[in-house]
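This is input_35.txt (compact mmCIF, C-alpha atoms and all ligand atoms).
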```txt
# COMPACT_ATOMS: atom_id res chain seq x y z
CA MET A 35 -6.58 -44.39 2.39
CA LEU A 36 -3.77 -42.62 4.19
CA VAL A 37 -3.31 -40.25 1.25
CA SER A 38 -6.93 -39.12 1.30
CA VAL A 39 -6.76 -38.51 5.05
CA LEU A 40 -3.59 -36.50 4.48
CA VAL A 41 -5.24 -34.43 1.73
CA TRP A 42 -8.17 -33.60 4.01
CA LEU A 43 -5.88 -32.80 6.92
CA VAL A 44 -3.81 -30.36 4.86
CA THR A 45 -7.07 -28.79 3.69
CA ALA A 46 -8.36 -28.38 7.24
CA VAL A 47 -5.11 -26.83 8.50
CA THR A 48 -4.94 -24.44 5.53
CA LEU A 49 -8.52 -23.27 6.02
CA ALA A 50 -8.01 -22.94 9.78
CA LEU A 51 -5.08 -20.57 9.21
CA PHE A 52 -7.36 -18.26 7.22
CA ILE A 53 -10.31 -18.55 9.59
CA VAL A 54 -8.30 -17.92 12.78
CA ARG A 55 -6.60 -14.87 11.18
CA ARG A 56 -3.62 -15.15 13.47
CA TRP A 57 -1.36 -13.57 10.85
CA TRP A 58 -3.46 -11.02 9.06
CA LEU A 59 -3.31 -7.57 7.53
CA PRO A 60 -2.87 -4.62 9.89
CA GLU A 61 -5.89 -2.40 10.48
CA ALA A 62 -7.01 -0.31 7.50
CA ILE A 63 -6.95 3.46 8.05
CA ASN A 64 -8.67 4.88 4.97
CA ALA A 65 -11.74 4.22 2.87
CA GLN A 66 -9.87 2.66 -0.04
CA ALA A 67 -8.01 0.28 2.25
CA ARG A 68 -11.30 -0.89 3.73
CA ALA A 69 -12.70 -1.34 0.21
CA TRP A 70 -9.62 -3.41 -0.69
CA ASP A 71 -10.11 -5.53 2.41
CA SER A 72 -13.69 -6.37 1.60
CA HIS A 73 -12.69 -7.19 -1.98
CA PHE A 74 -9.87 -9.34 -0.63
CA SER A 75 -12.31 -11.15 1.67
CA LEU A 76 -14.71 -11.78 -1.22
CA THR A 77 -11.84 -13.24 -3.26
CA MET A 78 -10.82 -15.42 -0.32
CA TRP A 79 -14.36 -16.70 0.25
CA ILE A 80 -14.86 -17.62 -3.41
CA THR A 81 -11.45 -19.22 -3.92
CA GLY A 82 -11.65 -20.82 -0.47
CA ALA A 83 -14.97 -22.49 -1.32
CA VAL A 84 -13.55 -23.79 -4.61
CA PHE A 85 -10.42 -24.99 -2.81
CA LEU A 86 -12.48 -26.83 -0.18
CA ALA A 87 -14.72 -28.50 -2.79
CA ALA A 88 -11.74 -29.52 -4.95
CA GLN A 89 -9.77 -30.93 -2.01
CA LEU A 90 -12.77 -32.85 -0.65
CA ALA A 91 -13.35 -34.32 -4.11
CA LEU A 92 -9.66 -35.18 -4.49
CA GLY A 93 -9.62 -37.06 -1.19
CA TRP A 94 -12.83 -38.84 -2.11
CA VAL A 95 -11.51 -39.92 -5.54
CA VAL A 96 -8.31 -41.22 -3.95
CA LEU A 97 -10.36 -43.18 -1.41
CA ARG A 98 -13.02 -44.44 -3.80
CA TYR A 99 -10.71 -45.64 -6.59
CA ARG A 100 -7.87 -46.96 -4.50
CA SER A 101 -6.43 -50.25 -5.52
CA SER A 102 -3.76 -52.48 -4.15
CA GLU A 103 -3.16 -53.84 -7.65
CA PRO A 104 -0.71 -51.98 -9.93
CA VAL A 105 -2.67 -50.15 -12.64
CA ALA A 106 -1.49 -50.04 -16.24
CA ALA A 107 -0.79 -46.51 -17.42
CA GLU A 108 -2.90 -46.83 -20.59
CA SER A 109 -6.08 -47.56 -18.70
CA GLY A 110 -6.15 -44.03 -17.29
CA SER A 111 -8.74 -41.33 -17.75
CA GLN A 112 -10.11 -40.63 -21.22
CA GLY A 113 -10.79 -37.00 -20.38
CA ASN A 114 -14.11 -35.25 -20.45
CA ASN A 115 -14.35 -32.25 -22.75
CA ARG A 116 -17.61 -31.03 -21.24
CA LEU A 117 -16.17 -30.98 -17.72
CA GLU A 118 -12.97 -29.33 -18.95
CA LEU A 119 -15.03 -26.62 -20.61
CA ILE A 120 -17.14 -26.05 -17.50
CA TRP A 121 -14.33 -25.61 -15.00
CA THR A 122 -12.05 -23.65 -17.32
CA GLY A 123 -14.97 -21.35 -18.13
CA ALA A 124 -15.90 -20.99 -14.46
CA ALA A 125 -12.29 -20.17 -13.47
CA ALA A 126 -12.02 -17.59 -16.26
CA LEU A 127 -15.33 -16.05 -15.19
CA VAL A 128 -14.18 -15.76 -11.56
CA PHE A 129 -10.84 -14.18 -12.56
CA VAL A 130 -12.34 -11.69 -14.97
CA GLY A 131 -15.30 -10.94 -12.69
CA LEU A 132 -13.17 -10.26 -9.62
CA SER A 133 -10.81 -8.08 -11.63
CA ALA A 134 -13.73 -6.11 -13.03
CA LEU A 135 -15.18 -5.67 -9.54
CA SER A 136 -11.90 -4.21 -8.26
CA THR A 137 -11.40 -1.63 -11.02
CA ALA A 138 -13.42 1.04 -9.20
CA ILE A 139 -11.08 0.85 -6.19
CA TRP A 140 -7.99 0.88 -8.40
CA ALA A 141 -9.32 3.89 -10.28
CA SER A 142 -10.10 5.78 -7.06
CA VAL A 143 -6.49 5.34 -5.94
CA HIS A 144 -4.52 5.67 -9.15
CA LEU A 145 -6.69 7.39 -11.76
CA ASP A 146 -8.94 9.84 -9.92
CA LYS A 147 -7.55 13.28 -9.25
CA ALA A 148 -6.96 14.46 -5.70
CA SER A 149 -9.58 16.81 -4.32
CA PRO A 150 -8.59 20.43 -5.11
CA ASN A 151 -8.42 21.36 -1.42
CA ALA A 152 -6.14 18.45 -0.54
CA LEU A 153 -3.06 19.31 1.52
CA ARG A 154 -0.09 19.11 -0.83
CA ILE A 155 3.06 17.51 0.53
CA GLU A 156 6.20 16.99 -1.49
CA ALA A 157 8.13 13.77 -0.95
CA VAL A 158 11.67 13.23 -2.13
CA ALA A 159 13.26 9.82 -1.82
CA LYS A 160 16.94 9.08 -2.21
CA GLN A 161 19.25 6.24 -1.31
CA PHE A 162 18.33 5.65 1.56
CA ALA A 163 16.11 8.23 3.15
CA TRP A 164 12.79 10.04 2.87
CA ASN A 165 12.17 13.77 3.05
CA PHE A 166 8.85 15.59 3.09
CA ARG A 167 8.15 19.24 2.45
CA TYR A 168 5.15 21.32 3.50
CA ALA A 169 4.34 24.61 1.83
CA GLY A 170 3.67 26.32 5.19
CA PRO A 171 1.00 28.95 5.98
CA ASP A 172 1.35 30.73 2.61
CA GLY A 173 0.32 27.52 0.83
CA LYS A 174 3.11 27.97 -1.73
CA PHE A 175 6.17 25.82 -2.20
CA GLY A 176 9.35 27.84 -2.50
CA ARG A 177 11.54 27.57 -5.58
CA THR A 178 14.07 24.74 -5.64
CA LYS A 179 17.24 24.28 -7.64
CA PRO A 180 18.95 20.92 -8.11
CA GLU A 181 22.42 22.47 -7.67
CA LEU A 182 21.43 23.63 -4.17
CA ILE A 183 20.57 20.10 -2.99
CA SER A 184 22.85 19.30 -0.07
CA ASP A 185 22.15 16.80 2.67
CA SER A 186 25.13 17.91 4.74
CA SER A 187 23.83 21.47 5.01
CA GLY A 188 20.29 20.28 5.67
CA ASN A 189 18.81 21.21 2.31
CA PRO A 190 17.63 17.92 0.81
CA PHE A 191 15.17 19.70 -1.50
CA GLY A 192 17.59 22.29 -2.86
CA LEU A 193 15.42 25.11 -1.51
CA ASP A 194 16.43 28.50 -2.87
CA ASP A 195 16.33 30.90 0.10
CA THR A 196 16.12 33.97 -2.11
CA ASP A 197 12.51 33.02 -2.84
CA PRO A 198 10.19 34.45 -0.14
CA ALA A 199 7.61 31.69 -0.79
CA GLY A 200 10.13 29.19 0.59
CA ARG A 201 10.71 30.96 3.93
CA ASP A 202 7.91 29.06 5.65
CA ASP A 203 8.50 25.75 3.87
CA LEU A 204 8.98 22.91 6.25
CA ALA A 205 11.28 20.00 5.42
CA VAL A 206 11.07 16.97 7.69
CA ALA A 207 11.96 13.29 7.68
CA ALA A 208 8.62 11.84 8.84
CA LEU A 209 5.32 12.28 7.05
CA ARG A 210 2.66 13.94 9.21
CA VAL A 211 -0.89 14.30 7.98
CA PRO A 212 -4.10 15.57 9.57
CA ALA A 213 -6.72 12.86 10.19
CA GLY A 214 -9.83 12.96 8.05
CA GLN A 215 -8.42 15.47 5.58
CA PRO A 216 -7.44 14.67 2.01
CA VAL A 217 -3.74 14.91 1.31
CA VAL A 218 -1.79 14.47 -1.87
CA VAL A 219 1.81 13.38 -1.65
CA LEU A 220 3.84 14.44 -4.68
CA LEU A 221 6.41 11.71 -5.08
CA HIS A 222 9.88 12.42 -6.44
CA SER A 223 13.10 10.45 -6.52
CA ARG A 224 16.58 11.91 -6.63
CA ASP A 225 18.36 8.81 -7.84
CA VAL A 226 16.81 5.41 -8.52
CA ILE A 227 13.30 3.97 -8.41
CA HIS A 228 11.95 3.77 -4.86
CA ASN A 229 8.50 2.79 -3.66
CA PHE A 230 6.21 4.45 -1.15
CA PHE A 231 4.37 1.77 0.78
CA VAL A 232 2.15 2.03 3.84
CA ARG A 233 0.50 -1.24 4.77
CA GLU A 234 -2.37 0.40 6.64
CA LEU A 235 -3.25 2.46 3.55
CA ARG A 236 -2.90 -0.64 1.32
CA MET A 237 -1.10 1.69 -1.08
CA LYS A 238 2.07 1.21 -2.99
CA GLN A 239 3.48 3.62 -5.52
CA ASP A 240 6.80 3.82 -7.32
CA LEU A 241 8.88 7.01 -7.21
CA VAL A 242 10.57 7.47 -10.56
CA PRO A 243 13.47 9.86 -11.16
CA GLY A 244 12.41 12.78 -13.33
CA MET A 245 8.71 12.34 -12.62
CA GLU A 246 6.26 13.83 -10.16
CA ILE A 247 3.72 11.17 -9.21
CA PRO A 248 0.82 12.30 -7.04
CA LEU A 249 -0.67 9.84 -4.56
CA HIS A 250 -3.75 10.96 -2.66
CA PHE A 251 -5.45 9.53 0.39
CA THR A 252 -7.43 10.49 3.46
CA ALA A 253 -6.17 8.71 6.57
CA ASP A 254 -8.84 8.75 9.24
CA LYS A 255 -7.30 6.95 12.18
CA PRO A 256 -4.68 8.82 14.24
CA GLY A 257 -1.57 6.79 14.92
CA THR A 258 1.95 6.06 13.79
CA TYR A 259 2.51 3.75 10.85
CA GLU A 260 5.56 2.62 8.94
CA VAL A 261 6.51 3.95 5.53
CA ALA A 262 8.81 1.39 3.97
CA CYS A 263 10.63 1.66 0.68
CA SER A 264 9.26 -1.27 -1.24
CA GLU A 265 11.58 -1.29 -4.22
CA LEU A 266 14.99 -2.91 -3.91
CA CYS A 267 16.99 0.29 -4.39
CA GLY A 268 20.51 -0.56 -3.25
CA LEU A 269 22.56 -1.93 -0.38
CA GLY A 270 20.87 0.23 2.27
CA HIS A 271 17.34 -0.53 1.02
CA HIS A 272 16.38 -2.36 4.22
CA GLN A 273 16.95 0.76 6.32
CA MET A 274 15.02 3.09 4.04
CA ARG A 275 12.00 3.63 6.20
CA THR A 276 10.23 6.38 8.01
CA GLN A 277 6.88 7.02 9.67
CA LEU A 278 3.47 8.18 8.65
CA VAL A 279 2.03 10.02 11.64
CA VAL A 280 -1.70 10.68 11.44
CA LEU A 281 -2.62 13.50 13.84
CA GLU A 282 -5.91 15.05 14.87
CA PRO A 283 -6.26 18.25 12.77
CA ALA A 284 -5.68 20.51 15.81
CA ALA A 285 -2.53 18.59 16.77
CA PHE A 286 -1.33 18.75 13.18
CA ALA A 287 -1.79 22.55 13.09
CA GLN A 288 -0.01 22.84 16.42
CA TRP A 289 2.89 20.70 15.22
CA GLN A 290 3.27 22.80 12.09
CA ARG A 291 3.13 26.07 14.06
CA GLU A 292 5.59 24.94 16.72
CA THR A 293 8.05 23.53 14.22
CA LEU A 294 8.00 26.72 12.20
CA GLU A 295 8.43 28.81 15.36
CA SER A 296 11.41 26.72 16.38
CA LEU A 297 12.90 27.59 12.99
CA GLY A 298 12.28 31.28 13.66
CA VAL A 299 9.39 31.62 11.21
CA VAL A 300 6.58 33.84 12.50
CA THR A 301 3.33 32.19 11.52
CA GLN A 302 0.76 34.71 12.79
CA PRO A 303 -0.94 36.33 9.83
CA GLU A 304 0.14 39.93 9.43
CA THR A 305 -2.56 42.42 10.29
CA ARG A 306 -2.42 45.90 8.98
CU CU A 401 14.37 2.88 -1.74
```

Show this structure as structure tokens.
Amino acid sequence: MLVSVLVWLVTAVTLALFIVRRWWLPEAINAQARAWDSHFSLTMWITGAVFLAAQLALGWVVLRYRSSEPVAAESGSQGNNRLELIWTGAAALVFVGLSALSTAIWASVHLDKASPNALRIEAVAKQFAWNFRYAGPDGKFGRTKPELISDSSGNPFGLDDTDPAGRDDLAVAALRVPAGQPVVVLLHSRDVIHNFFVRELRMKQDLVPGMEIPLHFTADKPGTYEVACSELCGLGHHQMRTQLVVLEPAAFAQWQRETLESLGVVTQPETR
């Protein structure tokens, strides 16, 4: 009798933790994250209902068939093929169905191409830091050469300063994006596999040496969020983090202009 009460108690506490949502996901800041959240909730409701029914039944069976007499092992259940078939089939259907339902979200994050007018930002990860590069007002990334890469002289991208397209390139340690505008982050790694992860975007993408992996999103809520490396990449992995700062478009333009001016780059378009 005590066992069935315990089973029901554990069930109640477990469900309460999910219903109260004391420890829950941080707020979603883009359309795909909100889509993930509603899919996650659907999964939780379905599996939660099954969990509740199964636990209630378990407690009831324990209560109903309890015996103070020792029971011989051979006299146990004979099995029921029909029941086995039903619940195995139902579980398979739920798994496959939920996976199928989520494919559209997965595709919109990982398979669809970024919109052609998305702001392109280059990201380079290394043990144990992040760097981001903006093409500047000319919209063109300057040429880079691996042999020019030098953190000590402030050139983490190996920017070749003989290329005029690179004069207005902006290299910074935190990722700033304009709110409500599509951006595509071109992910690179200089050494080992790292992972770009922002909880509020519900996005996670590996950075693989030798590859350029584009990740596109449209963050619509201004704020400061953490970018954490989510791949164990060495001893300093825990400190490999930076920020994603979502700014109102005007504030983003102002930041870009002011930063370039502080570097001595004139950003006013030339009139002649
Ligand atoms: Cu890392």

In Å, rounded to a single decimal, give me how far atom CA of Val279 of chain A is from atom CA of Ala207 of chain A. 11.2 Å

Write as a PyMOL selection string the residues around ligand CU 401 (chain A), taking 12 Å as the cut-off and counting all atoms listed in the file. chain A and resi 158-164+222-231+239-243+261-276

Print the selection's residues with C-alpha atoms to a file, as an mmCIF file, in the frame of the given file.
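Contents of the output file out-v9.cif:
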```cif
data_model
loop_
_atom_site.group_PDB
_atom_site.id
_atom_site.type_symbol
_atom_site.label_atom_id
_atom_site.label_comp_id
_atom_site.auth_asym_id
_atom_site.auth_seq_id
_atom_site.Cartn_x
_atom_site.Cartn_y
_atom_site.Cartn_z
ATOM 1 C CA VAL A 158 11.670 13.230 -2.130
ATOM 2 C CA ALA A 159 13.260 9.820 -1.820
ATOM 3 C CA LYS A 160 16.940 9.080 -2.210
ATOM 4 C CA GLN A 161 19.250 6.240 -1.310
ATOM 5 C CA PHE A 162 18.330 5.650 1.560
ATOM 6 C CA ALA A 163 16.110 8.230 3.150
ATOM 7 C CA TRP A 164 12.790 10.040 2.870
ATOM 8 C CA HIS A 222 9.880 12.420 -6.440
ATOM 9 C CA SER A 223 13.100 10.450 -6.520
ATOM 10 C CA ARG A 224 16.580 11.910 -6.630
ATOM 11 C CA ASP A 225 18.360 8.810 -7.840
ATOM 12 C CA VAL A 226 16.810 5.410 -8.520
ATOM 13 C CA ILE A 227 13.300 3.970 -8.410
ATOM 14 C CA HIS A 228 11.950 3.770 -4.860
ATOM 15 C CA ASN A 229 8.500 2.790 -3.660
ATOM 16 C CA PHE A 230 6.210 4.450 -1.150
ATOM 17 C CA PHE A 231 4.370 1.770 0.780
ATOM 18 C CA GLN A 239 3.480 3.620 -5.520
ATOM 19 C CA ASP A 240 6.800 3.820 -7.320
ATOM 20 C CA LEU A 241 8.880 7.010 -7.210
ATOM 21 C CA VAL A 242 10.570 7.470 -10.560
ATOM 22 C CA PRO A 243 13.470 9.860 -11.160
ATOM 23 C CA VAL A 261 6.510 3.950 5.530
ATOM 24 C CA ALA A 262 8.810 1.390 3.970
ATOM 25 C CA CYS A 263 10.630 1.660 0.680
ATOM 26 C CA SER A 264 9.260 -1.270 -1.240
ATOM 27 C CA GLU A 265 11.580 -1.290 -4.220
ATOM 28 C CA LEU A 266 14.990 -2.910 -3.910
ATOM 29 C CA CYS A 267 16.990 0.290 -4.390
ATOM 30 C CA GLY A 268 20.510 -0.560 -3.250
ATOM 31 C CA LEU A 269 22.560 -1.930 -0.380
ATOM 32 C CA GLY A 270 20.870 0.230 2.270
ATOM 33 C CA HIS A 271 17.340 -0.530 1.020
ATOM 34 C CA HIS A 272 16.380 -2.360 4.220
ATOM 35 C CA GLN A 273 16.950 0.760 6.320
ATOM 36 C CA MET A 274 15.020 3.090 4.040
ATOM 37 C CA ARG A 275 12.000 3.630 6.200
ATOM 38 C CA THR A 276 10.230 6.380 8.010
#
```

For segment 117-216 of chain A versus segment 58-77 of chain A, which residues have an atom no more than 8 Å away, and what is each residue's nearest atom pair and distance in Å rounded to one decimal, using all atoms listed in the file, chain-then-number order, as CSV?
```
residue,atom,partner,partner_atom,distance
A:Leu132,CA,A:Thr77,CA,7.1
A:Ser136,CA,A:His73,CA,7.0
A:Ile139,CA,A:Gln66,CA,6.5
A:Ser142,CA,A:Gln66,CA,7.7
A:Val143,CA,A:Gln66,CA,7.3
```

List the neighbours of Leu40 of chain A out to 12 Å using all atoms listed in the file; skip same-chain residues closer than 3 positions along the sequence, and give me the result as an MDAnalysis selection string. chainID A and resid 35:37 43:47 89:90 92:94 96:97

Go through A:Leu49, A:Ala152, A:Val280, A:Leu119 and flag the residue nearest Ala208 of chain A, using all atoms listed in the file for the distances. A:Val280
